[in-house]
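This is model-v5.pdb (PDB, C-alpha atoms, pLDDT in the B column).
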```pdb
ATOM      1  CA  MET A   1       0.295 -13.750  24.880  1.00 83.00           C
ATOM      2  CA  LYS A   2      -1.560 -15.862  22.321  1.00 88.00           C
ATOM      3  CA  ASN A   3      -4.859 -15.088  20.667  1.00 91.00           C
ATOM      4  CA  ARG A   4      -7.684 -16.870  18.838  1.00 92.00           C
ATOM      5  CA  LEU A   5      -8.382 -14.023  16.458  1.00 93.00           C
ATOM      6  CA  LYS A   6      -7.648 -15.962  13.275  1.00 92.00           C
ATOM      7  CA  VAL A   7      -9.850 -18.898  14.269  1.00 93.00           C
ATOM      8  CA  LEU A   8     -12.717 -16.672  15.444  1.00 94.00           C
ATOM      9  CA  ARG A   9     -12.503 -14.589  12.267  1.00 94.00           C
ATOM     10  CA  ALA A  10     -12.448 -17.696  10.059  1.00 93.00           C
ATOM     11  CA  GLU A  11     -15.495 -19.093  11.876  1.00 93.00           C
ATOM     12  CA  ARG A  12     -17.395 -15.954  10.913  1.00 93.00           C
ATOM     13  CA  ASN A  13     -16.010 -15.857   7.346  1.00 93.00           C
ATOM     14  CA  TRP A  14     -14.669 -12.352   7.791  1.00 93.00           C
ATOM     15  CA  SER A  15     -11.627 -11.089   5.934  1.00 92.00           C
ATOM     16  CA  GLN A  16      -8.893  -9.226   7.791  1.00 91.00           C
ATOM     17  CA  GLU A  17      -9.998  -6.044   6.042  1.00 88.00           C
ATOM     18  CA  GLU A  18     -13.635  -6.508   7.103  1.00 92.00           C
ATOM     19  CA  LEU A  19     -12.678  -7.112  10.718  1.00 94.00           C
ATOM     20  CA  GLY A  20     -10.322  -4.135  10.583  1.00 92.00           C
ATOM     21  CA  LYS A  21     -13.173  -1.901   9.389  1.00 91.00           C
ATOM     22  CA  MET A  22     -15.470  -3.190  12.144  1.00 93.00           C
ATOM     23  CA  VAL A  23     -13.014  -2.235  14.882  1.00 94.00           C
ATOM     24  CA  GLY A  24     -11.527   0.818  13.126  1.00 91.00           C
ATOM     25  CA  VAL A  25      -7.979  -0.378  12.398  1.00 90.00           C
ATOM     26  CA  SER A  26      -5.977  -1.292   9.289  1.00 86.00           C
ATOM     27  CA  ARG A  27      -5.746  -4.747   7.714  1.00 86.00           C
ATOM     28  CA  GLN A  28      -2.065  -4.715   8.647  1.00 85.00           C
ATOM     29  CA  ALA A  29      -2.960  -4.323  12.327  1.00 89.00           C
ATOM     30  CA  ILE A  30      -5.317  -7.329  12.255  1.00 93.00           C
ATOM     31  CA  ASN A  31      -2.661  -9.373  10.431  1.00 90.00           C
ATOM     32  CA  ALA A  32       0.041  -8.400  12.959  1.00 90.00           C
ATOM     33  CA  ILE A  33      -2.233  -9.257  15.925  1.00 93.00           C
ATOM     34  CA  GLU A  34      -3.121 -12.652  14.430  1.00 93.00           C
ATOM     35  CA  ARG A  35       0.549 -13.449  13.909  1.00 90.00           C
ATOM     36  CA  GLY A  36       1.413 -12.393  17.459  1.00 89.00           C
ATOM     37  CA  LYS A  37       3.689  -9.596  16.268  1.00 89.00           C
ATOM     38  CA  PHE A  38       1.606  -6.848  17.840  1.00 89.00           C
ATOM     39  CA  HIS A  39      -0.383  -6.829  21.063  1.00 91.00           C
ATOM     40  CA  PRO A  40      -3.374  -4.484  20.953  1.00 92.00           C
ATOM     41  CA  ALA A  41      -4.052  -1.870  23.603  1.00 92.00           C
ATOM     42  CA  LEU A  42      -7.117  -2.294  25.835  1.00 93.00           C
ATOM     43  CA  PRO A  43      -9.501  -0.089  23.780  1.00 93.00           C
ATOM     44  CA  LEU A  44      -8.929  -2.255  20.693  1.00 94.00           C
ATOM     45  CA  ALA A  45      -9.141  -5.459  22.751  1.00 94.00           C
ATOM     46  CA  PHE A  46     -12.548  -4.303  24.073  1.00 95.00           C
ATOM     47  CA  LYS A  47     -13.723  -3.501  20.525  1.00 94.00           C
ATOM     48  CA  LEU A  48     -12.689  -6.984  19.376  1.00 95.00           C
ATOM     49  CA  SER A  49     -14.482  -8.431  22.368  1.00 95.00           C
ATOM     50  CA  ASP A  50     -17.656  -6.538  21.372  1.00 95.00           C
ATOM     51  CA  VAL A  51     -17.423  -7.608  17.714  1.00 94.00           C
ATOM     52  CA  PHE A  52     -16.932 -11.304  18.562  1.00 94.00           C
ATOM     53  CA  GLU A  53     -19.396 -11.088  21.477  1.00 94.00           C
ATOM     54  CA  LEU A  54     -16.907 -12.877  23.686  1.00 93.00           C
ATOM     55  CA  PRO A  55     -15.036 -11.869  26.844  1.00 93.00           C
ATOM     56  CA  ILE A  56     -11.484 -10.610  26.251  1.00 92.00           C
ATOM     57  CA  GLU A  57      -9.955 -13.633  28.019  1.00 91.00           C
ATOM     58  CA  GLU A  58     -11.574 -15.948  25.451  1.00 91.00           C
ATOM     59  CA  ILE A  59      -9.859 -14.069  22.620  1.00 92.00           C
ATOM     60  CA  PHE A  60      -6.489 -13.337  24.242  1.00 92.00           C
ATOM     61  CA  ILE A  61      -4.815 -16.064  26.257  1.00 89.00           C
ATOM     62  CA  ARG A  62      -1.837 -15.724  28.592  1.00 84.00           C
ATOM     63  CA  ASP A  63       1.218 -17.815  27.650  1.00 77.00           C
ATOM     64  CA  ASN A  64       1.170 -19.890  30.858  1.00 72.00           C
ATOM     65  CA  GLN A  65      -2.465 -20.964  30.393  1.00 61.00           C
TER
ATOM     66  CA  MET B   1      -4.625 -16.414  -6.877  1.00 46.00           C
ATOM     67  CA  LYS B   2      -3.967 -13.602  -9.306  1.00 49.00           C
ATOM     68  CA  SER B   3      -4.948 -13.819 -12.973  1.00 52.00           C
ATOM     69  CA  GLN B   4      -2.374 -13.359 -15.729  1.00 54.00           C
ATOM     70  CA  SER B   5      -3.765  -9.887 -16.592  1.00 54.00           C
ATOM     71  CA  GLU B   6      -3.583  -8.815 -12.897  1.00 50.00           C
ATOM     72  CA  LYS B   7       0.041  -9.992 -12.736  1.00 52.00           C
ATOM     73  CA  GLU B   8       0.842  -8.074 -15.921  1.00 55.00           C
ATOM     74  CA  TYR B   9      -0.853  -4.977 -14.494  1.00 52.00           C
ATOM     75  CA  ASP B  10       1.139  -5.313 -11.218  1.00 53.00           C
ATOM     76  CA  SER B  11       4.351  -5.687 -13.218  1.00 61.00           C
ATOM     77  CA  ARG B  12       3.610  -2.607 -15.337  1.00 64.00           C
ATOM     78  CA  ALA B  13       2.699  -0.634 -12.200  1.00 61.00           C
ATOM     79  CA  SER B  14       5.990  -1.681 -10.535  1.00 63.00           C
ATOM     80  CA  ILE B  15       7.991  -0.653 -13.589  1.00 69.00           C
ATOM     81  CA  GLY B  16       6.081   2.648 -13.812  1.00 68.00           C
ATOM     82  CA  VAL B  17       6.582   3.496 -10.125  1.00 65.00           C
ATOM     83  CA  GLY B  18      10.272   2.503 -10.286  1.00 69.00           C
ATOM     84  CA  ALA B  19      10.893   4.492 -13.484  1.00 71.00           C
ATOM     85  CA  SER B  20       9.123   7.614 -12.141  1.00 70.00           C
ATOM     86  CA  LEU B  21      10.996   7.535  -8.838  1.00 71.00           C
ATOM     87  CA  GLY B  22      14.262   6.817 -10.658  1.00 73.00           C
ATOM     88  CA  ALA B  23      13.723   9.755 -13.023  1.00 72.00           C
ATOM     89  CA  VAL B  24      13.075  12.169 -10.120  1.00 71.00           C
ATOM     90  CA  VAL B  25      16.060  10.935  -8.076  1.00 72.00           C
ATOM     91  CA  GLY B  26      18.325  10.923 -11.164  1.00 72.00           C
ATOM     92  CA  ALA B  27      17.289  14.469 -12.122  1.00 69.00           C
ATOM     93  CA  LEU B  28      17.655  15.716  -8.537  1.00 69.00           C
ATOM     94  CA  LEU B  29      21.088  14.192  -7.995  1.00 68.00           C
ATOM     95  CA  THR B  30      22.537  15.383 -11.324  1.00 68.00           C
ATOM     96  CA  GLU B  31      20.945  18.826 -10.848  1.00 64.00           C
ATOM     97  CA  VAL B  32      22.612  19.151  -7.436  1.00 63.00           C
ATOM     98  CA  PHE B  33      26.036  17.896  -8.470  1.00 65.00           C
ATOM     99  CA  VAL B  34      26.535  19.029 -12.097  1.00 65.00           C
ATOM    100  CA  GLU B  35      25.916  22.159 -14.139  1.00 62.00           C
ATOM    101  CA  SER B  36      25.021  20.758 -17.564  1.00 65.00           C
ATOM    102  CA  SER B  37      21.334  20.486 -18.603  1.00 65.00           C
ATOM    103  CA  LEU B  38      22.304  17.636 -20.924  1.00 68.00           C
ATOM    104  CA  LEU B  39      23.726  15.654 -18.002  1.00 70.00           C
ATOM    105  CA  VAL B  40      20.595  16.345 -15.934  1.00 67.00           C
ATOM    106  CA  THR B  41      18.464  14.905 -18.760  1.00 71.00           C
ATOM    107  CA  GLY B  42      20.888  11.976 -19.003  1.00 74.00           C
ATOM    108  CA  GLY B  43      20.743  11.461 -15.243  1.00 72.00           C
ATOM    109  CA  SER B  44      16.966  11.513 -15.330  1.00 71.00           C
ATOM    110  CA  LEU B  45      16.858   8.958 -18.176  1.00 76.00           C
ATOM    111  CA  LEU B  46      19.444   6.725 -16.476  1.00 77.00           C
ATOM    112  CA  GLY B  47      17.450   6.965 -13.228  1.00 75.00           C
ATOM    113  CA  ALA B  48      14.253   6.041 -15.107  1.00 74.00           C
ATOM    114  CA  VAL B  49      15.907   2.990 -16.717  1.00 78.00           C
ATOM    115  CA  LEU B  50      17.484   1.800 -13.443  1.00 77.00           C
ATOM    116  CA  GLY B  51      14.256   2.496 -11.529  1.00 73.00           C
ATOM    117  CA  GLY B  52      12.266   0.580 -14.154  1.00 72.00           C
ATOM    118  CA  ILE B  53      14.637  -2.409 -13.936  1.00 75.00           C
ATOM    119  CA  ILE B  54      14.485  -2.431 -10.115  1.00 73.00           C
ATOM    120  CA  GLY B  55      10.679  -1.989 -10.264  1.00 69.00           C
ATOM    121  CA  SER B  56      10.326  -4.952 -12.623  1.00 69.00           C
ATOM    122  CA  ARG B  57      12.161  -7.156 -10.089  1.00 67.00           C
ATOM    123  CA  ILE B  58       9.871  -6.218  -7.192  1.00 63.00           C
ATOM    124  CA  LYS B  59       6.832  -8.440  -6.708  1.00 56.00           C
ATOM    125  CA  SER B  60       3.622  -6.542  -5.975  1.00 52.00           C
ATOM    126  CA  GLU B  61       3.261  -8.430  -2.671  1.00 51.00           C
ATOM    127  CA  ALA B  62       6.312  -6.495  -1.447  1.00 52.00           C
ATOM    128  CA  TYR B  63       4.280  -3.273  -1.477  1.00 54.00           C
ATOM    129  CA  GLN B  64       2.087  -4.460   1.373  1.00 55.00           C
ATOM    130  CA  TYR B  65       5.074  -3.922   3.675  1.00 55.00           C
ATOM    131  CA  LEU B  66       5.334  -0.283   2.605  1.00 58.00           C
ATOM    132  CA  TRP B  67       1.766   0.588   1.783  1.00 57.00           C
ATOM    133  CA  ILE B  68      -0.375   2.418   4.306  1.00 60.00           C
ATOM    134  CA  GLU B  69      -4.001   2.919   3.373  1.00 59.00           C
ATOM    135  CA  TYR B  70      -4.967   6.521   4.063  1.00 61.00           C
ATOM    136  CA  SER B  71      -8.396   8.078   3.677  1.00 66.00           C
ATOM    137  CA  LYS B  72      -8.983   9.625   0.235  1.00 70.00           C
ATOM    138  CA  ALA B  73      -9.039  13.183   1.639  1.00 73.00           C
ATOM    139  CA  ILE B  74      -5.681  12.692   3.383  1.00 74.00           C
ATOM    140  CA  ALA B  75      -4.166  11.005   0.304  1.00 73.00           C
ATOM    141  CA  ILE B  76      -5.173  14.016  -1.845  1.00 80.00           C
ATOM    142  CA  LYS B  77      -3.747  16.484   0.710  1.00 79.00           C
ATOM    143  CA  LEU B  78      -0.505  14.462   0.920  1.00 78.00           C
ATOM    144  CA  PHE B  79      -0.215  14.351  -2.874  1.00 80.00           C
ATOM    145  CA  ILE B  80      -0.841  18.093  -3.323  1.00 85.00           C
ATOM    146  CA  SER B  81       1.465  19.240  -0.497  1.00 84.00           C
ATOM    147  CA  GLY B  82       4.167  16.709  -1.483  1.00 82.00           C
ATOM    148  CA  SER B  83       4.041  17.697  -5.169  1.00 84.00           C
ATOM    149  CA  ALA B  84       4.092  21.407  -4.292  1.00 87.00           C
ATOM    150  CA  PHE B  85       7.156  20.894  -2.095  1.00 85.00           C
ATOM    151  CA  VAL B  86       9.074  18.779  -4.635  1.00 82.00           C
ATOM    152  CA  GLY B  87       8.185  21.158  -7.507  1.00 85.00           C
ATOM    153  CA  LEU B  88       9.158  24.297  -5.588  1.00 87.00           C
ATOM    154  CA  MET B  89      12.332  22.695  -4.251  1.00 83.00           C
ATOM    155  CA  LEU B  90      13.416  21.662  -7.757  1.00 82.00           C
ATOM    156  CA  GLY B  91      12.535  25.157  -8.989  1.00 85.00           C
ATOM    157  CA  ALA B  92      14.594  26.730  -6.193  1.00 84.00           C
ATOM    158  CA  VAL B  93      17.611  24.492  -6.912  1.00 81.00           C
ATOM    159  CA  TYR B  94      17.291  25.137 -10.658  1.00 81.00           C
ATOM    160  CA  SER B  95      17.072  28.930 -10.173  1.00 84.00           C
ATOM    161  CA  ALA B  96      20.116  28.907  -7.876  1.00 81.00           C
ATOM    162  CA  LYS B  97      22.170  26.852 -10.352  1.00 79.00           C
ATOM    163  CA  ARG B  98      21.115  28.970 -13.348  1.00 80.00           C
ATOM    164  CA  GLY B  99      21.815  32.323 -11.687  1.00 79.00           C
ATOM    165  CA  VAL B 100      18.236  33.660 -11.729  1.00 81.00           C
ATOM    166  CA  ALA B 101      17.682  37.041  -9.990  1.00 84.00           C
ATOM    167  CA  PRO B 102      18.365  36.722  -6.222  1.00 85.00           C
ATOM    168  CA  THR B 103      14.869  38.025  -5.304  1.00 88.00           C
ATOM    169  CA  ILE B 104      13.203  35.234  -7.301  1.00 87.00           C
ATOM    170  CA  GLN B 105      15.616  32.683  -5.777  1.00 86.00           C
ATOM    171  CA  ILE B 106      14.709  33.839  -2.258  1.00 88.00           C
ATOM    172  CA  LEU B 107      10.986  33.804  -3.103  1.00 89.00           C
ATOM    173  CA  LEU B 108      11.206  30.260  -4.513  1.00 87.00           C
ATOM    174  CA  MET B 109      13.218  28.979  -1.544  1.00 87.00           C
ATOM    175  CA  SER B 110      10.815  30.617   0.930  1.00 91.00           C
ATOM    176  CA  ALA B 111       7.864  29.089  -0.958  1.00 91.00           C
ATOM    177  CA  ALA B 112       9.582  25.668  -0.865  1.00 89.00           C
ATOM    178  CA  ALA B 113      10.144  26.049   2.896  1.00 90.00           C
ATOM    179  CA  LEU B 114       6.465  26.993   3.405  1.00 91.00           C
ATOM    180  CA  ALA B 115       5.371  24.054   1.237  1.00 89.00           C
ATOM    181  CA  PHE B 116       7.498  21.757   3.406  1.00 88.00           C
ATOM    182  CA  LEU B 117       5.844  23.219   6.518  1.00 91.00           C
ATOM    183  CA  ALA B 118       2.432  22.497   4.955  1.00 90.00           C
ATOM    184  CA  LEU B 119       3.602  18.952   4.193  1.00 86.00           C
ATOM    185  CA  LEU B 120       4.617  18.521   7.854  1.00 88.00           C
ATOM    186  CA  VAL B 121       1.165  19.710   9.005  1.00 89.00           C
ATOM    187  CA  VAL B 122      -0.535  17.220   6.639  1.00 86.00           C
ATOM    188  CA  LEU B 123       1.819  14.479   7.873  1.00 81.00           C
ATOM    189  CA  GLY B 124       0.823  15.370  11.448  1.00 85.00           C
ATOM    190  CA  GLN B 125      -2.878  15.076  10.512  1.00 82.00           C
ATOM    191  CA  THR B 126      -2.111  11.757   8.816  1.00 79.00           C
ATOM    192  CA  ILE B 127      -0.358  10.342  11.877  1.00 80.00           C
ATOM    193  CA  ALA B 128      -3.318  11.339  14.063  1.00 83.00           C
ATOM    194  CA  GLN B 129      -5.601   9.208  11.832  1.00 81.00           C
ATOM    195  CA  LEU B 130      -3.441   6.078  11.965  1.00 83.00           C
ATOM    196  CA  ASP B 131      -4.129   3.123  14.235  1.00 86.00           C
ATOM    197  CA  ASP B 132      -1.739   2.023  17.002  1.00 88.00           C
ATOM    198  CA  LEU B 133       0.264  -0.388  14.818  1.00 87.00           C
ATOM    199  CA  LEU B 134       0.756   2.077  11.977  1.00 84.00           C
ATOM    200  CA  LYS B 135       1.797   4.802  14.457  1.00 86.00           C
ATOM    201  CA  LYS B 136       4.268   2.340  15.963  1.00 88.00           C
ATOM    202  CA  ILE B 137       5.663   1.488  12.506  1.00 86.00           C
ATOM    203  CA  LEU B 138       6.017   5.172  11.633  1.00 83.00           C
ATOM    204  CA  LEU B 139       7.686   6.137  14.912  1.00 87.00           C
ATOM    205  CA  GLU B 140      10.059   3.157  14.830  1.00 90.00           C
ATOM    206  CA  SER B 141      10.938   4.038  11.193  1.00 88.00           C
ATOM    207  CA  LEU B 142      11.811   7.577  12.271  1.00 88.00           C
ATOM    208  CA  SER B 143      13.975   6.219  15.121  1.00 93.00           C
ATOM    209  CA  VAL B 144      15.830   3.858  12.782  1.00 92.00           C
ATOM    210  CA  GLY B 145      16.145   6.646  10.191  1.00 91.00           C
ATOM    211  CA  LEU B 146      17.579   9.073  12.750  1.00 93.00           C
ATOM    212  CA  GLY B 147      20.111   6.504  14.008  1.00 94.00           C
ATOM    213  CA  LEU B 148      21.110   5.534  10.476  1.00 92.00           C
ATOM    214  CA  SER B 149      21.485   9.201   9.446  1.00 92.00           C
ATOM    215  CA  LEU B 150      23.696   9.884  12.475  1.00 92.00           C
ATOM    216  CA  PHE B 151      25.839   6.909  11.513  1.00 93.00           C
ATOM    217  CA  VAL B 152      26.180   8.128   7.898  1.00 88.00           C
ATOM    218  CA  PHE B 153      26.946  11.708   9.024  1.00 88.00           C
ATOM    219  CA  MET B 154      29.543  10.411  11.497  1.00 90.00           C
ATOM    220  CA  ILE B 155      31.251   8.363   8.771  1.00 88.00           C
ATOM    221  CA  LEU B 156      31.140  11.347   6.372  1.00 84.00           C
ATOM    222  CA  GLY B 157      32.533  13.550   9.169  1.00 85.00           C
ATOM    223  CA  LEU B 158      35.429  11.162   9.772  1.00 86.00           C
ATOM    224  CA  PHE B 159      36.171  10.947   6.040  1.00 83.00           C
ATOM    225  CA  ASN B 160      35.991  14.729   5.892  1.00 82.00           C
ATOM    226  CA  ILE B 161      39.025  14.941   8.205  1.00 83.00           C
ATOM    227  CA  VAL B 162      41.141  12.929   5.790  1.00 81.00           C
ATOM    228  CA  TYR B 163      39.557  13.948   2.504  1.00 78.00           C
ATOM    229  CA  PRO B 164      37.307  17.045   2.437  1.00 77.00           C
ATOM    230  CA  ILE B 165      33.896  16.164   0.973  1.00 71.00           C
ATOM    231  CA  GLN B 166      31.873  18.641  -1.075  1.00 72.00           C
ATOM    232  CA  ALA B 167      28.450  18.290   0.530  1.00 68.00           C
ATOM    233  CA  ASP B 168      25.518  20.604   1.139  1.00 71.00           C
ATOM    234  CA  TRP B 169      22.377  20.685   3.308  1.00 75.00           C
ATOM    235  CA  LEU B 170      20.251  19.283   0.488  1.00 71.00           C
ATOM    236  CA  LEU B 171      22.384  16.139   0.461  1.00 75.00           C
ATOM    237  CA  ALA B 172      21.870  15.856   4.243  1.00 81.00           C
ATOM    238  CA  ALA B 173      18.086  16.043   3.686  1.00 79.00           C
ATOM    239  CA  VAL B 174      18.245  13.376   0.947  1.00 78.00           C
ATOM    240  CA  ILE B 175      20.364  11.105   3.222  1.00 83.00           C
ATOM    241  CA  MET B 176      17.852  11.501   6.079  1.00 86.00           C
ATOM    242  CA  MET B 177      14.869  10.769   3.792  1.00 83.00           C
ATOM    243  CA  GLY B 178      16.664   7.690   2.432  1.00 83.00           C
ATOM    244  CA  ALA B 179      17.500   6.524   5.966  1.00 87.00           C
ATOM    245  CA  VAL B 180      13.866   6.891   7.088  1.00 85.00           C
ATOM    246  CA  LEU B 181      12.746   4.919   4.008  1.00 83.00           C
ATOM    247  CA  VAL B 182      15.208   2.120   4.859  1.00 85.00           C
ATOM    248  CA  GLY B 183      13.856   2.175   8.425  1.00 87.00           C
ATOM    249  CA  ARG B 184      10.286   2.066   7.096  1.00 82.00           C
ATOM    250  CA  VAL B 185      10.971  -1.076   5.047  1.00 82.00           C
ATOM    251  CA  ALA B 186      12.818  -2.782   7.934  1.00 85.00           C
ATOM    252  CA  VAL B 187      10.120  -1.991  10.526  1.00 85.00           C
ATOM    253  CA  ALA B 188       7.206  -2.873   8.201  1.00 81.00           C
ATOM    254  CA  TRP B 189       9.001  -6.190   7.496  1.00 81.00           C
ATOM    255  CA  LYS B 190       9.237  -6.813  11.251  1.00 82.00           C
ATOM    256  CA  TYR B 191       5.437  -6.440  11.655  1.00 80.00           C
ATOM    257  CA  ARG B 192       4.510  -8.153   8.365  1.00 76.00           C
TER
END
```
Write out the structure in this file as structure tokens.
Amino acid sequence: MKNRLKVLRAERNWSQEELGKMVGVSRQAINAIERGKFHPALPLAFKLSDVFELPIEEIFIRDNQ
Amino acid sequence: MKSQSEKEYDSRASIGVGASLGAVVGALLTEVFVESSLLVTGGSLLGAVLGGIIGSRIKSEAYQYLWIEYSKAIAIKLFISGSAFVGLMLGAVYSAKRGVAPTIQILLMSAAALAFLALLVVLGQTIAQLDDLLKKILLESLSVGLGLSLFVFMILGLFNIVYPIQADWLLAAVIMMGAVLVGRVAVAWKYR
């Protein structure tokens, strides 16, 4: 699974720490998600979706797409 | 980009952390294995020097793989319960080695055990506050630490058949803590 977290965050000029605070996780968690080392559970994916005001499938993309 | 003064501060902090940890480990190890107060002081100083040298070689960026940001309240609780446990444990070991009255020894050891229980409760509260990734890192560290400890104990057990080793439960605890720390670094590196 890929994600567009880094691009979306950069577009909004948010730091990893700021985004982490918005969704209630650590900077390390945001960093690991961006690098594809950690896949978030659904509650966090929904929070990210709310923060970016985008549907989940526009943030997280399946490998075969 | 870090300024020169920030780099110097990082370097001093690394040396300070390394020297402090080295002094504690040096004092603890010499206190456990030898009787002389002079050697304990020497062990502490040697630990401080070695810890300082190792600390000076570690770049501050390396800490991000180990560092977990806790809330201030939890950090204070962790510090107090951790310090109480280490202090009481050292006191208990010291009293046992110096032949203090058995009642005081038992009181100190019971207090150290209670302090460790308090530390476990605070650790439990800490884990509950962590996010999914940090919980995963912590649990994987414990798994690696347990496996590594079993491996070390197995090797020591095999050696013990051929050459009896003078070891006690405190050494087992130190080995397990070291193994969990190794696991912590390895797992945090994996998710860096």
As an exercise, work out the distance from atom CA of Phe85 of chain B to atom CA of Asp168 of chain B in Å and give it to one decimal place.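 Separating atom CA of Phe85 of chain B from atom CA of Asp168 of chain B is a distance of 18.6 Å.
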Write out as a PyMOL selection string the residues lying within 12 Å of Trp14 of chain A, counting all atoms listed in the file and excluding same-chain residues fewer than 4 positions away. chain A and resi 5-10+18-22+27+30+51-52
Given the file shown, enumerate the residues that the PyMOL selection byres ((chain A) within 7 of (chain B)) captures and present them as a ChimeraX atom specification. /A:25-26,29,32,37
If I take atom CA of Leu108 of chain B and atom CA of Val93 of chain B, how far is one from the other in Å, to one decimal?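 Value for the atom CA of Leu108 of chain B-atom CA of Val93 of chain B distance: 8.9 Å.
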So, with only C-alpha atoms as the atoms that count, which of A:Val23, A:Asp63, A:Ser15, A:Asn31 lies closest to Ala45 of chain A? A:Val23
For the structure shown, which residues end up in the PyMOL selection byres ((chain B and resi 96) around 12)? Put them as a ChimeraX atom specification, please? /B:31-32,35,89-95,97-109
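Straight-line separation from atom CA of Leu114 of chain B to atom CA of Ala84 of chain B: 9.8 Å.
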Take segment 105-111 of chain B, bring it up to all heavy atoms, and give me the output as an mmCIF file, in the coordinates of the input.
```
data_model
loop_
_atom_site.group_PDB
_atom_site.id
_atom_site.type_symbol
_atom_site.label_atom_id
_atom_site.label_comp_id
_atom_site.auth_asym_id
_atom_site.auth_seq_id
_atom_site.Cartn_x
_atom_site.Cartn_y
_atom_site.Cartn_z
ATOM 1 N N GLN B 105 15.046 33.849 -6.483
ATOM 2 C CA GLN B 105 15.616 32.683 -5.777
ATOM 3 C C GLN B 105 15.098 32.625 -4.344
ATOM 4 O O GLN B 105 14.672 31.570 -3.865
ATOM 5 C CB GLN B 105 17.141 32.790 -5.745
ATOM 6 C CG GLN B 105 17.806 32.434 -7.066
ATOM 7 C CD GLN B 105 19.326 32.444 -6.925
ATOM 8 O OE1 GLN B 105 19.849 32.043 -5.903
ATOM 9 N NE2 GLN B 105 20.009 32.915 -7.947
ATOM 10 N N ILE B 106 15.150 33.786 -3.654
ATOM 11 C CA ILE B 106 14.709 33.839 -2.258
ATOM 12 C C ILE B 106 13.214 33.522 -2.159
ATOM 13 O O ILE B 106 12.779 32.764 -1.293
ATOM 14 C CB ILE B 106 15.017 35.222 -1.630
ATOM 15 C CG1 ILE B 106 16.533 35.366 -1.470
ATOM 16 C CG2 ILE B 106 14.332 35.391 -0.272
ATOM 17 C CD1 ILE B 106 17.000 36.760 -1.136
ATOM 18 N N LEU B 107 12.431 34.068 -3.105
ATOM 19 C CA LEU B 107 10.986 33.804 -3.103
ATOM 20 C C LEU B 107 10.706 32.309 -3.280
ATOM 21 O O LEU B 107 9.890 31.726 -2.566
ATOM 22 C CB LEU B 107 10.306 34.586 -4.234
ATOM 23 C CG LEU B 107 9.950 36.040 -3.924
ATOM 24 C CD1 LEU B 107 9.392 36.737 -5.158
ATOM 25 C CD2 LEU B 107 8.941 36.107 -2.784
ATOM 26 N N LEU B 108 11.421 31.690 -4.246
ATOM 27 C CA LEU B 108 11.206 30.260 -4.513
ATOM 28 C C LEU B 108 11.613 29.404 -3.307
ATOM 29 O O LEU B 108 10.913 28.469 -2.933
ATOM 30 C CB LEU B 108 12.010 29.824 -5.748
ATOM 31 C CG LEU B 108 11.337 30.071 -7.100
ATOM 32 C CD1 LEU B 108 12.313 29.826 -8.233
ATOM 33 C CD2 LEU B 108 10.119 29.163 -7.264
ATOM 34 N N MET B 109 12.755 29.756 -2.697
ATOM 35 C CA MET B 109 13.218 28.979 -1.544
ATOM 36 C C MET B 109 12.273 29.153 -0.352
ATOM 37 O O MET B 109 11.985 28.197 0.371
ATOM 38 C CB MET B 109 14.642 29.375 -1.176
ATOM 39 C CG MET B 109 15.648 28.759 -2.134
ATOM 40 S SD MET B 109 17.292 29.395 -1.902
ATOM 41 C CE MET B 109 18.103 28.797 -3.362
ATOM 42 N N SER B 110 11.771 30.392 -0.158
ATOM 43 C CA SER B 110 10.815 30.617 0.930
ATOM 44 C C SER B 110 9.531 29.826 0.670
ATOM 45 O O SER B 110 8.961 29.223 1.586
ATOM 46 C CB SER B 110 10.459 32.101 1.052
ATOM 47 O OG SER B 110 11.623 32.868 1.162
ATOM 48 N N ALA B 111 9.084 29.837 -0.615
ATOM 49 C CA ALA B 111 7.864 29.089 -0.958
ATOM 50 C C ALA B 111 8.075 27.594 -0.720
ATOM 51 O O ALA B 111 7.181 26.904 -0.212
ATOM 52 C CB ALA B 111 7.491 29.356 -2.417
#
```
